[in-house]
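Trainee: Pasting start.txt here (compact mmCIF, C-alpha atoms and all ligand atoms):
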# COMPACT_ATOMS: atom_id res chain seq x y z
CA MET A 1 0.00 0.00 0.00
CA GLY A 2 1.27 3.43 -0.92
CA VAL A 3 0.75 6.98 0.23
CA VAL A 4 -2.44 8.75 -0.86
CA ALA A 5 -2.62 12.53 -1.32
CA SER A 6 -5.37 14.74 -2.69
CA ALA A 7 -5.61 18.28 -4.09
CA PRO A 8 -8.60 20.46 -4.97
CA ALA A 9 -9.95 21.80 -8.25
CA LYS A 10 -10.39 25.53 -8.75
CA ILE A 11 -12.69 28.06 -10.28
CA ILE A 12 -11.87 31.60 -11.28
CA LEU A 13 -14.53 33.72 -9.64
CA PHE A 14 -13.44 36.99 -11.26
CA GLY A 15 -10.77 38.29 -13.60
CA GLU A 16 -9.85 35.53 -16.06
CA HIS A 17 -8.11 36.72 -19.23
CA PHE A 18 -7.68 40.25 -17.84
CA VAL A 19 -5.25 38.67 -15.36
CA VAL A 20 -2.92 37.90 -18.28
CA TYR A 21 -2.65 41.69 -18.82
CA GLY A 22 -1.74 42.49 -15.24
CA GLU A 23 -5.18 42.89 -13.69
CA PRO A 24 -6.13 41.04 -10.48
CA ALA A 25 -8.18 37.84 -10.36
CA ILE A 26 -9.96 35.96 -7.58
CA VAL A 27 -9.60 32.20 -7.54
CA LEU A 28 -11.09 29.65 -5.19
CA ALA A 29 -10.54 26.01 -4.39
CA ILE A 30 -13.66 23.88 -4.61
CA ASP A 31 -14.65 20.62 -3.01
CA LYS A 32 -13.82 18.40 -6.00
CA ARG A 33 -10.48 16.66 -5.68
CA ALA A 34 -7.86 14.67 -7.51
CA TYR A 35 -6.35 11.72 -5.63
CA ALA A 36 -2.98 10.09 -6.17
CA GLU A 37 -1.61 6.91 -4.63
CA VAL A 38 2.13 6.45 -4.96
CA ALA A 39 4.17 3.35 -4.06
CA CYS A 40 7.74 2.20 -4.68
CA LEU A 41 8.43 -0.13 -7.62
CA GLU A 42 11.27 -2.58 -8.20
CA GLY A 43 13.73 -1.18 -10.75
CA LYS A 44 13.55 2.33 -12.22
CA ARG A 45 10.25 2.22 -14.02
CA LEU A 46 7.76 5.06 -13.56
CA HIS A 47 4.32 3.58 -13.96
CA PHE A 48 1.20 5.77 -14.27
CA ARG A 49 -2.43 4.78 -14.31
CA SER A 50 -5.50 6.98 -14.32
CA ALA A 51 -8.55 5.12 -13.09
CA ASN A 52 -11.01 7.79 -14.23
CA LEU A 53 -9.51 8.24 -17.71
CA ASN A 54 -8.79 4.52 -18.26
CA LEU A 55 -5.24 5.28 -19.33
CA ALA A 56 -1.99 3.64 -18.29
CA GLY A 57 1.62 3.67 -19.39
CA SER A 58 5.18 3.63 -18.17
CA PHE A 59 8.48 5.39 -18.75
CA GLU A 60 11.86 3.71 -18.33
CA ASN A 61 15.23 5.01 -19.48
CA GLY A 62 13.53 7.63 -21.63
CA VAL A 63 11.38 5.01 -23.36
CA PHE A 64 7.62 5.28 -23.15
CA LYS A 65 5.29 2.28 -23.32
CA GLU A 66 1.50 2.61 -23.31
CA GLU A 67 -0.54 -0.09 -21.60
CA GLN A 68 -4.08 1.18 -21.73
CA GLY A 69 -5.58 3.74 -24.14
CA ASP A 70 -4.27 5.49 -27.25
CA ALA A 71 -0.46 5.86 -27.11
CA LYS A 72 -0.44 9.56 -28.01
CA GLU A 73 -3.13 10.42 -25.49
CA VAL A 74 -1.49 8.41 -22.70
CA LYS A 75 1.84 10.16 -23.28
CA LEU A 76 0.24 13.59 -23.44
CA LYS A 77 -1.93 13.16 -20.34
CA PHE A 78 0.87 11.79 -18.17
CA GLU A 79 3.54 14.23 -19.36
CA PRO A 80 3.10 16.81 -16.54
CA VAL A 81 3.04 14.19 -13.74
CA LYS A 82 6.01 12.43 -15.27
CA LEU A 83 7.94 15.71 -15.40
CA ALA A 84 7.09 16.51 -11.78
CA VAL A 85 8.09 13.05 -10.55
CA GLU A 86 11.35 13.06 -12.52
CA LYS A 87 12.20 16.51 -11.21
CA ILE A 88 11.69 15.42 -7.59
CA LEU A 89 13.68 12.20 -8.02
CA LYS A 90 16.53 14.14 -9.65
CA THR A 91 16.56 16.94 -7.06
CA TYR A 92 16.59 14.50 -4.15
CA LYS A 93 18.92 12.00 -5.89
CA LYS A 94 16.53 9.07 -5.65
CA ASP A 95 17.23 6.51 -8.35
CA ILE A 96 14.08 4.45 -7.92
CA GLY A 97 10.90 3.31 -9.65
CA LEU A 98 7.42 4.47 -8.67
CA ASP A 99 3.89 3.34 -9.23
CA VAL A 100 1.41 6.23 -9.50
CA GLU A 101 -2.32 5.60 -9.45
CA ILE A 102 -4.53 8.62 -10.17
CA ASN A 103 -8.20 9.00 -9.51
CA SER A 104 -9.94 12.32 -9.95
CA ASP A 105 -13.50 13.57 -9.72
CA ILE A 106 -12.65 16.80 -11.56
CA PRO A 107 -13.95 17.17 -15.15
CA VAL A 108 -11.05 17.27 -17.60
CA ALA A 109 -10.22 20.20 -19.96
CA ALA A 110 -13.10 22.20 -18.52
CA GLY A 111 -11.19 25.02 -16.83
CA LEU A 112 -11.33 23.53 -13.35
CA GLY A 113 -7.60 22.95 -13.03
CA SER A 114 -7.78 19.16 -13.16
CA SER A 115 -4.26 18.76 -14.52
CA ALA A 116 -2.67 20.94 -11.82
CA ALA A 117 -4.68 19.19 -9.08
CA VAL A 118 -3.41 15.80 -10.28
CA VAL A 119 0.22 16.96 -10.44
CA THR A 120 -0.05 18.60 -7.01
CA ALA A 121 -1.51 15.44 -5.44
CA VAL A 122 1.18 13.26 -7.05
CA THR A 123 3.96 15.63 -5.93
CA ALA A 124 2.69 15.63 -2.35
CA ALA A 125 2.31 11.84 -2.31
CA VAL A 126 5.88 11.33 -3.58
CA ASN A 127 7.11 13.84 -1.01
CA ALA A 128 5.41 11.94 1.82
CA LEU A 129 6.34 8.47 0.55
CA LEU A 130 10.05 9.32 0.34
CA ASP A 131 9.96 11.55 3.42
CA LEU A 132 11.51 14.47 1.53
CA LYS A 133 10.09 17.17 3.81
CA MET A 134 9.22 19.50 0.92
CA SER A 135 7.36 22.62 2.06
CA LYS A 136 4.08 23.63 0.44
CA ASP A 137 5.98 26.32 -1.44
CA GLU A 138 8.26 23.66 -2.89
CA VAL A 139 5.29 21.48 -3.85
CA PHE A 140 3.83 24.52 -5.62
CA ARG A 141 7.08 25.25 -7.46
CA VAL A 142 7.49 21.68 -8.75
CA THR A 143 3.88 21.63 -9.94
CA TYR A 144 4.18 25.04 -11.55
CA GLU A 145 7.36 24.05 -13.45
CA ALA A 146 5.65 20.89 -14.78
CA GLU A 147 2.57 22.90 -15.85
CA LYS A 148 4.79 25.46 -17.58
CA VAL A 149 6.47 22.88 -19.77
CA VAL A 150 3.12 21.51 -20.86
CA HIS A 151 0.93 24.62 -21.05
CA GLY A 152 3.33 27.34 -22.16
CA THR A 153 3.07 30.37 -19.88
CA PRO A 154 0.27 29.76 -17.42
CA SER A 155 -0.23 32.36 -14.72
CA GLY A 156 0.38 29.78 -11.99
CA VAL A 157 -3.10 30.14 -10.56
CA ASP A 158 -3.98 26.46 -10.90
CA PRO A 159 -1.01 24.95 -9.05
CA ALA A 160 -1.22 27.67 -6.38
CA ILE A 161 -4.84 27.06 -5.53
CA SER A 162 -4.43 23.27 -5.66
CA THR A 163 -1.56 23.57 -3.20
CA PHE A 164 -2.84 26.20 -0.79
CA GLY A 165 -6.66 25.93 -1.09
CA GLY A 166 -9.03 28.68 0.07
CA THR A 167 -9.55 31.95 -1.78
CA LEU A 168 -6.63 33.71 -3.44
CA LEU A 169 -6.15 37.09 -5.00
CA PHE A 170 -3.70 36.80 -7.85
CA GLN A 171 -1.90 39.43 -9.87
CA ILE A 172 1.11 38.84 -12.09
CA ASP A 173 3.15 41.64 -10.49
CA THR A 174 2.45 40.81 -6.88
CA GLY A 175 1.68 37.07 -6.90
CA PHE A 176 -0.76 35.37 -4.53
CA LYS A 177 -2.45 36.74 -1.48
CA PRO A 178 -5.00 34.80 0.61
CA LEU A 179 -8.35 36.56 0.83
CA GLU A 180 -10.76 36.57 3.71
CA ALA A 181 -14.08 35.07 2.63
CA LYS A 182 -16.85 34.99 5.23
CA THR A 183 -19.09 32.98 2.93
CA ASP A 184 -18.56 29.45 1.62
CA ILE A 185 -19.91 30.72 -1.73
CA PRO A 186 -22.71 28.33 -2.76
CA LEU A 187 -22.24 27.62 -6.45
CA VAL A 188 -23.57 25.42 -9.17
CA ILE A 189 -20.98 24.61 -11.80
CA GLY A 190 -22.35 23.76 -15.23
CA ASP A 191 -20.09 21.81 -17.57
CA THR A 192 -21.00 22.50 -21.21
CA GLY A 193 -19.18 19.30 -22.20
CA VAL A 194 -17.42 21.33 -24.90
CA GLU A 195 -13.66 20.79 -24.60
CA ARG A 196 -11.55 23.83 -25.39
CA SER A 197 -7.96 24.91 -25.36
CA THR A 198 -6.83 27.65 -22.98
CA ARG A 199 -3.98 28.47 -25.33
CA ILE A 200 -6.30 29.17 -28.29
CA GLN A 201 -8.62 31.28 -26.15
CA VAL A 202 -5.73 33.34 -24.80
CA GLU A 203 -4.44 33.92 -28.35
CA LYS A 204 -7.87 35.07 -29.46
CA VAL A 205 -7.97 37.66 -26.68
CA ARG A 206 -4.44 38.80 -27.48
CA LYS A 207 -5.53 39.76 -31.00
CA ILE A 208 -8.41 41.86 -29.72
CA MET A 209 -6.23 43.49 -27.08
CA ASN A 210 -3.56 44.35 -29.68
CA ASN A 211 -5.93 45.57 -32.37
CA TYR A 212 -8.27 47.72 -30.26
CA PRO A 213 -6.29 48.96 -27.25
CA ARG A 214 -8.31 52.14 -26.72
CA VAL A 215 -11.56 50.21 -26.81
CA ILE A 216 -10.27 47.49 -24.49
CA ASP A 217 -8.53 49.70 -21.91
CA PRO A 218 -11.77 50.77 -20.20
CA LEU A 219 -12.82 47.10 -20.02
CA LYS A 220 -9.58 46.28 -18.23
CA LYS A 221 -10.27 49.06 -15.76
CA THR A 222 -13.78 47.70 -15.17
CA ALA A 223 -12.38 44.19 -14.66
CA ARG A 224 -10.06 45.59 -12.01
CA GLU A 225 -12.86 47.48 -10.25
CA ILE A 226 -15.00 44.32 -10.22
CA VAL A 227 -12.27 42.45 -8.36
CA LEU A 228 -11.68 45.28 -5.89
CA ARG A 229 -15.39 45.51 -5.11
CA ALA A 230 -15.64 41.71 -4.86
CA ILE A 231 -12.92 41.62 -2.19
CA ASP A 232 -15.19 43.70 0.07
CA ALA A 233 -18.27 41.66 -0.83
CA LEU A 234 -16.50 38.40 0.10
CA ARG A 235 -15.42 39.86 3.42
CA GLU A 236 -18.96 41.09 4.12
CA ASN A 237 -20.67 37.87 2.97
CA ASP A 238 -22.62 39.98 0.46
CA LEU A 239 -23.79 37.35 -2.03
CA GLU A 240 -26.11 39.77 -3.86
CA THR A 241 -23.24 42.08 -4.78
CA LEU A 242 -21.08 39.11 -5.80
CA GLY A 243 -23.89 38.01 -8.14
CA VAL A 244 -24.19 41.44 -9.75
CA LEU A 245 -20.41 41.60 -10.21
CA MET A 246 -20.39 38.13 -11.82
CA ASN A 247 -22.97 39.30 -14.37
CA ILE A 248 -20.93 42.40 -15.22
CA ASN A 249 -17.77 40.30 -15.47
CA GLN A 250 -19.57 37.96 -17.88
CA ALA A 251 -20.52 40.92 -20.07
CA LEU A 252 -16.83 41.84 -20.34
CA LEU A 253 -15.86 38.28 -21.20
CA TYR A 254 -18.57 38.18 -23.84
CA GLY A 255 -17.22 41.45 -25.18
CA ILE A 256 -13.71 40.09 -25.67
CA GLY A 257 -15.12 37.07 -27.49
CA VAL A 258 -14.52 34.21 -25.08
CA SER A 259 -18.08 33.22 -24.31
CA ASP A 260 -19.92 30.94 -26.71
CA GLU A 261 -23.39 29.62 -27.34
CA SER A 262 -23.02 26.61 -25.05
CA LEU A 263 -21.99 28.86 -22.15
CA GLU A 264 -24.56 31.59 -22.83
CA TRP A 265 -27.31 28.99 -22.89
CA LEU A 266 -26.44 27.66 -19.44
CA ILE A 267 -25.77 31.13 -18.00
CA ASN A 268 -29.19 32.37 -19.11
CA ALA A 269 -30.91 29.25 -17.80
CA ALA A 270 -29.25 29.70 -14.40
CA ARG A 271 -30.19 33.37 -14.18
CA LYS A 272 -33.79 32.65 -15.12
CA ALA A 273 -33.96 29.97 -12.41
CA GLY A 274 -33.01 32.55 -9.78
CA ALA A 275 -29.22 32.57 -9.66
CA LEU A 276 -27.82 35.76 -8.13
CA GLY A 277 -25.24 35.88 -10.91
CA ALA A 278 -23.65 33.63 -13.51
CA LYS A 279 -20.56 33.69 -15.69
CA LEU A 280 -18.12 31.48 -17.51
CA THR A 281 -15.06 30.41 -15.53
CA GLY A 282 -11.55 30.02 -16.91
CA ALA A 283 -10.68 30.35 -20.56
CA GLY A 284 -14.22 30.09 -21.99
CA GLY A 285 -15.18 28.90 -25.47
CA GLY A 286 -16.83 25.88 -23.80
CA GLY A 287 -15.73 24.36 -20.53
CA CYS A 288 -17.63 25.43 -17.44
CA MET A 289 -19.87 28.23 -16.22
CA ILE A 290 -20.60 29.02 -12.60
CA ALA A 291 -23.81 30.26 -11.00
CA LEU A 292 -24.01 31.81 -7.55
CA SER A 293 -27.21 31.17 -5.68
CA ASN A 294 -28.77 31.37 -2.27
CA SER A 295 -28.74 27.90 -0.72
CA GLU A 296 -32.53 27.47 -1.10
CA LYS A 297 -32.38 28.04 -4.86
CA LEU A 298 -29.33 25.86 -5.59
CA GLU A 299 -31.41 22.85 -6.58
CA GLN A 300 -33.61 24.92 -8.88
CA VAL A 301 -30.56 26.43 -10.60
CA SER A 302 -28.96 23.02 -10.93
CA GLU A 303 -32.10 21.56 -12.57
CA ALA A 304 -32.30 24.50 -14.99
CA ILE A 305 -28.69 23.91 -16.09
CA LEU A 306 -29.44 20.23 -16.61
CA ARG A 307 -32.57 21.01 -18.66
CA ALA A 308 -30.52 23.43 -20.77
CA GLY A 309 -28.17 20.57 -21.70
CA GLY A 310 -25.33 21.13 -19.21
CA ARG A 311 -23.84 18.83 -16.59
CA PRO A 312 -24.41 20.56 -13.27
CA PHE A 313 -22.83 19.86 -9.92
CA LYS A 314 -22.93 21.80 -6.70
CA ALA A 315 -19.68 23.09 -5.30
CA ARG A 316 -18.46 25.02 -2.31
CA LYS A 317 -15.26 26.74 -1.44
CA THR A 318 -12.80 24.55 0.40
CA ASP A 319 -9.98 25.80 2.57
CA GLU A 320 -8.19 22.48 2.27
CA GLY A 321 -5.32 22.61 -0.19
CA VAL A 322 -3.16 19.60 -0.93
CA LYS A 323 -3.18 17.04 1.87
CA ILE A 324 -2.14 13.54 2.76
CA GLU A 325 -5.14 11.24 2.95
CA ARG A 326 -3.26 8.10 3.99
CA SER A 327 0.40 7.55 4.72
O1 LIG A 401 -9.57 27.63 -18.17
P1 LIG A 401 -8.32 27.67 -17.40
O2 LIG A 401 -8.43 27.09 -16.06
O3 LIG A 401 -7.16 27.13 -18.19
O4 LIG A 401 -8.01 29.20 -17.07
C1 LIG A 401 -7.40 30.08 -17.92
C2 LIG A 401 -7.34 31.43 -17.27
C3 LIG A 401 -6.81 32.51 -18.20
O5 LIG A 401 -6.92 33.74 -17.48
C4 LIG A 401 -7.64 32.60 -19.44
C5 LIG A 401 -5.36 32.26 -18.57
C6 LIG A 401 -4.34 32.36 -17.45
O6 LIG A 401 -3.23 31.84 -17.64
O7 LIG A 401 -4.61 32.99 -16.41
Let's see the structure in the file written out as structure tokens.
Mentor:
Amino acid sequence: MGVVASAPAKIILFGEHFVVYGEPAIVLAIDKRAYAEVACLEGKRLHFRSANLNLAGSFENGVFKEEQGDAKEVKLKFEPVKLAVEKILKTYKKDIGLDVEINSDIPVAAGLGSSAAVVTAVTAAVNALLDLKMSKDEVFRVTYEAEKVVHGTPSGVDPAISTFGGTLLFQIDTGFKPLEAKTDIPLVIGDTGVERSTRIQVEKVRKIMNNYPRVIDPLKKTAREIVLRAIDALRENDLETLGVLMNINQALLYGIGVSDESLEWLINAARKAGALGAKLTGAGGGGCMIALSNSEKLEQVSEAILRAGGRPFKARKTDEGVKIERS
């Protein structure tokens, strides 16, 4: 039996895309988690299996062998965890083999940070198994480096929230700052089921930003003001204001072209069913939307999202970042 660690998924409550241009964003960890069990293996083989994706493969002496699933997909999906594990083994001079079993209840490629949560959980499990005494900051750094290789230049929001949990204010210049949130933020997340690429969405926004700077500048300022106002609303447990701000934020995201029909459909359904506010979360163009609701209307909002063709699930903020489940 190996060591089991888990790490949470995330949603971006406010500020996606604008964060790439230096504005602040608010991110929170939600109560959906990725789990990783890590055990030692004879030899130097690194073996990975994902129970939820039905994929398995191993790496030995630079050679990759798939065991379950399409070879290209297996290699691609396990690349970030492989990088993280190799980095740890190299840093701590451990010339050993490991068996890594992943199980996650986070939807994949939907903007909920599933990849970072998996890498964070694996990193923490390896750390505990080999008694390496890595701090949370070190776990974050390893995860961030692995994500960077795979995803280009991510802001680092996903690995940070998976590691530390809670609610974070993030800005490129100043980094992460924990935020006080009096509310546990009752949300329904609606998965459109439409997979999208963050990279493509970010490129799309870059074109608009470059071509129409004087038009976009006031939107950036509004995005910033939304976040600043939301910080107070979170502290004051003012769900109504948070809802209004989410709707304004959605209008900005629609304006820069990152919403789409599948998202708009679910957002409108949620608002009609009594949500206090609704918006896309993450890169947009598919993926997930989020709806904020008073507790008594959560079920109603969830049903409306389902009827509109989405996959809804209820979520709450969690303060628990990465943690060891069993050692
Ligand atoms: O959908 P996600 O979780 O990949 O979020 C992307 C968030 C962006 O602001 C669009 C990009 C970024 O790196 O912050």
Trainee: Give the residues close to ligand LIG 401 (chain A), within 8 Å, counting all atoms listed in the file; write them as an MDAnalysis selection string.
Mentor: chainID A and resid 10:12 15:20 109:113 153:158 197:199 201:202 281:284 287
Trainee: If we count only C-alpha atoms and set the cut-off at 10 Å, which residues sit around Ala270 in chain A, ignoring sequence neighbours fewer than 6 positions away in its own chain? Please answer as a count of residues only.
Mentor: 21
Trainee: For Pro107 in chain A, which residue among A:Val205, A:Cys288, A:Ala39, A:Ala84 is the nearest when counting all atoms listed in the file?
Mentor: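 Between A:Val205, A:Cys288, A:Ala39, A:Ala84, the residue approaching Pro107 in chain A most closely is A:Cys288.
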Trainee: Show me, as a list of chain:residue names, the residues that have an atom within 12 Å of range 213-219 of chain A when counting only C-alpha atoms, minus same-chain residues fewer than 5 positions from it.
Mentor: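 Skipping anything fewer than 5 positions along the chain leaves A:Gly15, A:His17, A:Phe18, A:Tyr21, A:Gly22, A:Glu23, A:Val205, A:Arg206, A:Lys207, A:Ile208, A:Arg224, A:Glu225, A:Ile226, A:Ile248, A:Asn249, A:Gln250, A:Ala251, A:Leu252, A:Leu253, A:Tyr254, A:Gly255, A:Ile256, A:Gly257.
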Trainee: Using only C-alpha atoms, which residue out of A:Thr120, A:Ser58, A:Thr318, A:Ser115 lies closest to Ala36 in chain A?
Mentor: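 Among A:Thr120, A:Ser58, A:Thr318, A:Ser115, it is A:Thr120 that comes nearest to Ala36 in chain A.
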Trainee: Which residues, written as a VMD selection string, have at least one atom at most 12 Å from Leu28 in chain A, with all atoms listed in the file counted and residues fewer than 4 positions away on the same chain left out?
Mentor: chain A and resid 8 to 14 32 112 to 113 157 to 170 176 to 181 183 to 187 234 281 to 282 315 to 321
Trainee: Based on the selection just made, write C-alpha atoms of those residues as a compact mmCIF listing (two decimals), keeping the file's coordinate frame.
Mentor:
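And here is the file that came out, selection-v1.txt:
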# COMPACT_ATOMS: atom_id res chain seq x y z
CA PRO A 8 -8.60 20.46 -4.97
CA ALA A 9 -9.95 21.80 -8.25
CA LYS A 10 -10.39 25.53 -8.75
CA ILE A 11 -12.69 28.06 -10.28
CA ILE A 12 -11.87 31.60 -11.28
CA LEU A 13 -14.53 33.72 -9.64
CA PHE A 14 -13.44 36.99 -11.26
CA LYS A 32 -13.82 18.40 -6.00
CA LEU A 112 -11.33 23.53 -13.35
CA GLY A 113 -7.60 22.95 -13.03
CA VAL A 157 -3.10 30.14 -10.56
CA ASP A 158 -3.98 26.46 -10.90
CA PRO A 159 -1.01 24.95 -9.05
CA ALA A 160 -1.22 27.67 -6.38
CA ILE A 161 -4.84 27.06 -5.53
CA SER A 162 -4.43 23.27 -5.66
CA THR A 163 -1.56 23.57 -3.20
CA PHE A 164 -2.84 26.20 -0.79
CA GLY A 165 -6.66 25.93 -1.09
CA GLY A 166 -9.03 28.68 0.07
CA THR A 167 -9.55 31.95 -1.78
CA LEU A 168 -6.63 33.71 -3.44
CA LEU A 169 -6.15 37.09 -5.00
CA PHE A 170 -3.70 36.80 -7.85
CA PHE A 176 -0.76 35.37 -4.53
CA LYS A 177 -2.45 36.74 -1.48
CA PRO A 178 -5.00 34.80 0.61
CA LEU A 179 -8.35 36.56 0.83
CA GLU A 180 -10.76 36.57 3.71
CA ALA A 181 -14.08 35.07 2.63
CA THR A 183 -19.09 32.98 2.93
CA ASP A 184 -18.56 29.45 1.62
CA ILE A 185 -19.91 30.72 -1.73
CA PRO A 186 -22.71 28.33 -2.76
CA LEU A 187 -22.24 27.62 -6.45
CA LEU A 234 -16.50 38.40 0.10
CA THR A 281 -15.06 30.41 -15.53
CA GLY A 282 -11.55 30.02 -16.91
CA ALA A 315 -19.68 23.09 -5.30
CA ARG A 316 -18.46 25.02 -2.31
CA LYS A 317 -15.26 26.74 -1.44
CA THR A 318 -12.80 24.55 0.40
CA ASP A 319 -9.98 25.80 2.57
CA GLU A 320 -8.19 22.48 2.27
CA GLY A 321 -5.32 22.61 -0.19
Trainee: Pick from A:Ala71, A:Ala34, A:Leu129, A:Ala51: nearest to Ser327 in chain A, with only C-alpha atoms counted?
Mentor: A:Leu129
Trainee: Provide the CA of Gly43 in chain A to CA of Asn127 in chain A distance in Å, to one decimal place.
Mentor: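 Calculated distance between CA of Gly43 in chain A and CA of Asn127 in chain A is 19.1 Å.
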Trainee: Mind checking which residues fall within 12 Å of Asp70 in chain A, counting all atoms listed in the file, ignoring those fewer than 4 positions away in the same chain, and posting them as a compact mmCIF listing (two decimals) with C-alpha atoms, keeping the file's coordinate frame?
Mentor:
# COMPACT_ATOMS: atom_id res chain seq x y z
CA LEU A 53 -9.51 8.24 -17.71
CA ASN A 54 -8.79 4.52 -18.26
CA LEU A 55 -5.24 5.28 -19.33
CA ALA A 56 -1.99 3.64 -18.29
CA GLY A 57 1.62 3.67 -19.39
CA LYS A 65 5.29 2.28 -23.32
CA GLU A 66 1.50 2.61 -23.31
CA VAL A 74 -1.49 8.41 -22.70
CA LYS A 75 1.84 10.16 -23.28
CA LEU A 76 0.24 13.59 -23.44
CA LYS A 77 -1.93 13.16 -20.34
Trainee: Which residues are close to Leu130 in chain A, i.e. within 10 Å by all atoms listed in the file, leaving aside same-chain residues fewer than 6 positions away? Reply as a list in words.
Mentor: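 Contacts, with the query itself left out: Val3, Val38, Ala39, Cys40, Leu89, Tyr92 and Lys94 of chain A.
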Trainee: So the first atom is CA of Asp173 in chain A and the second is CA of Val122 in chain A; what is the distance between them in Å, to one decimal place?
Mentor: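 Answer for the CA of Asp173 in chain A to CA of Val122 in chain A separation: 28.7 Å.
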Trainee: How many Å lie between CA of Gln171 in chain A and CA of Ile26 in chain A, rounded to one decimal?
Mentor: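 Result for CA of Gln171 in chain A versus CA of Ile26 in chain A: 9.1 Å, one decimal.
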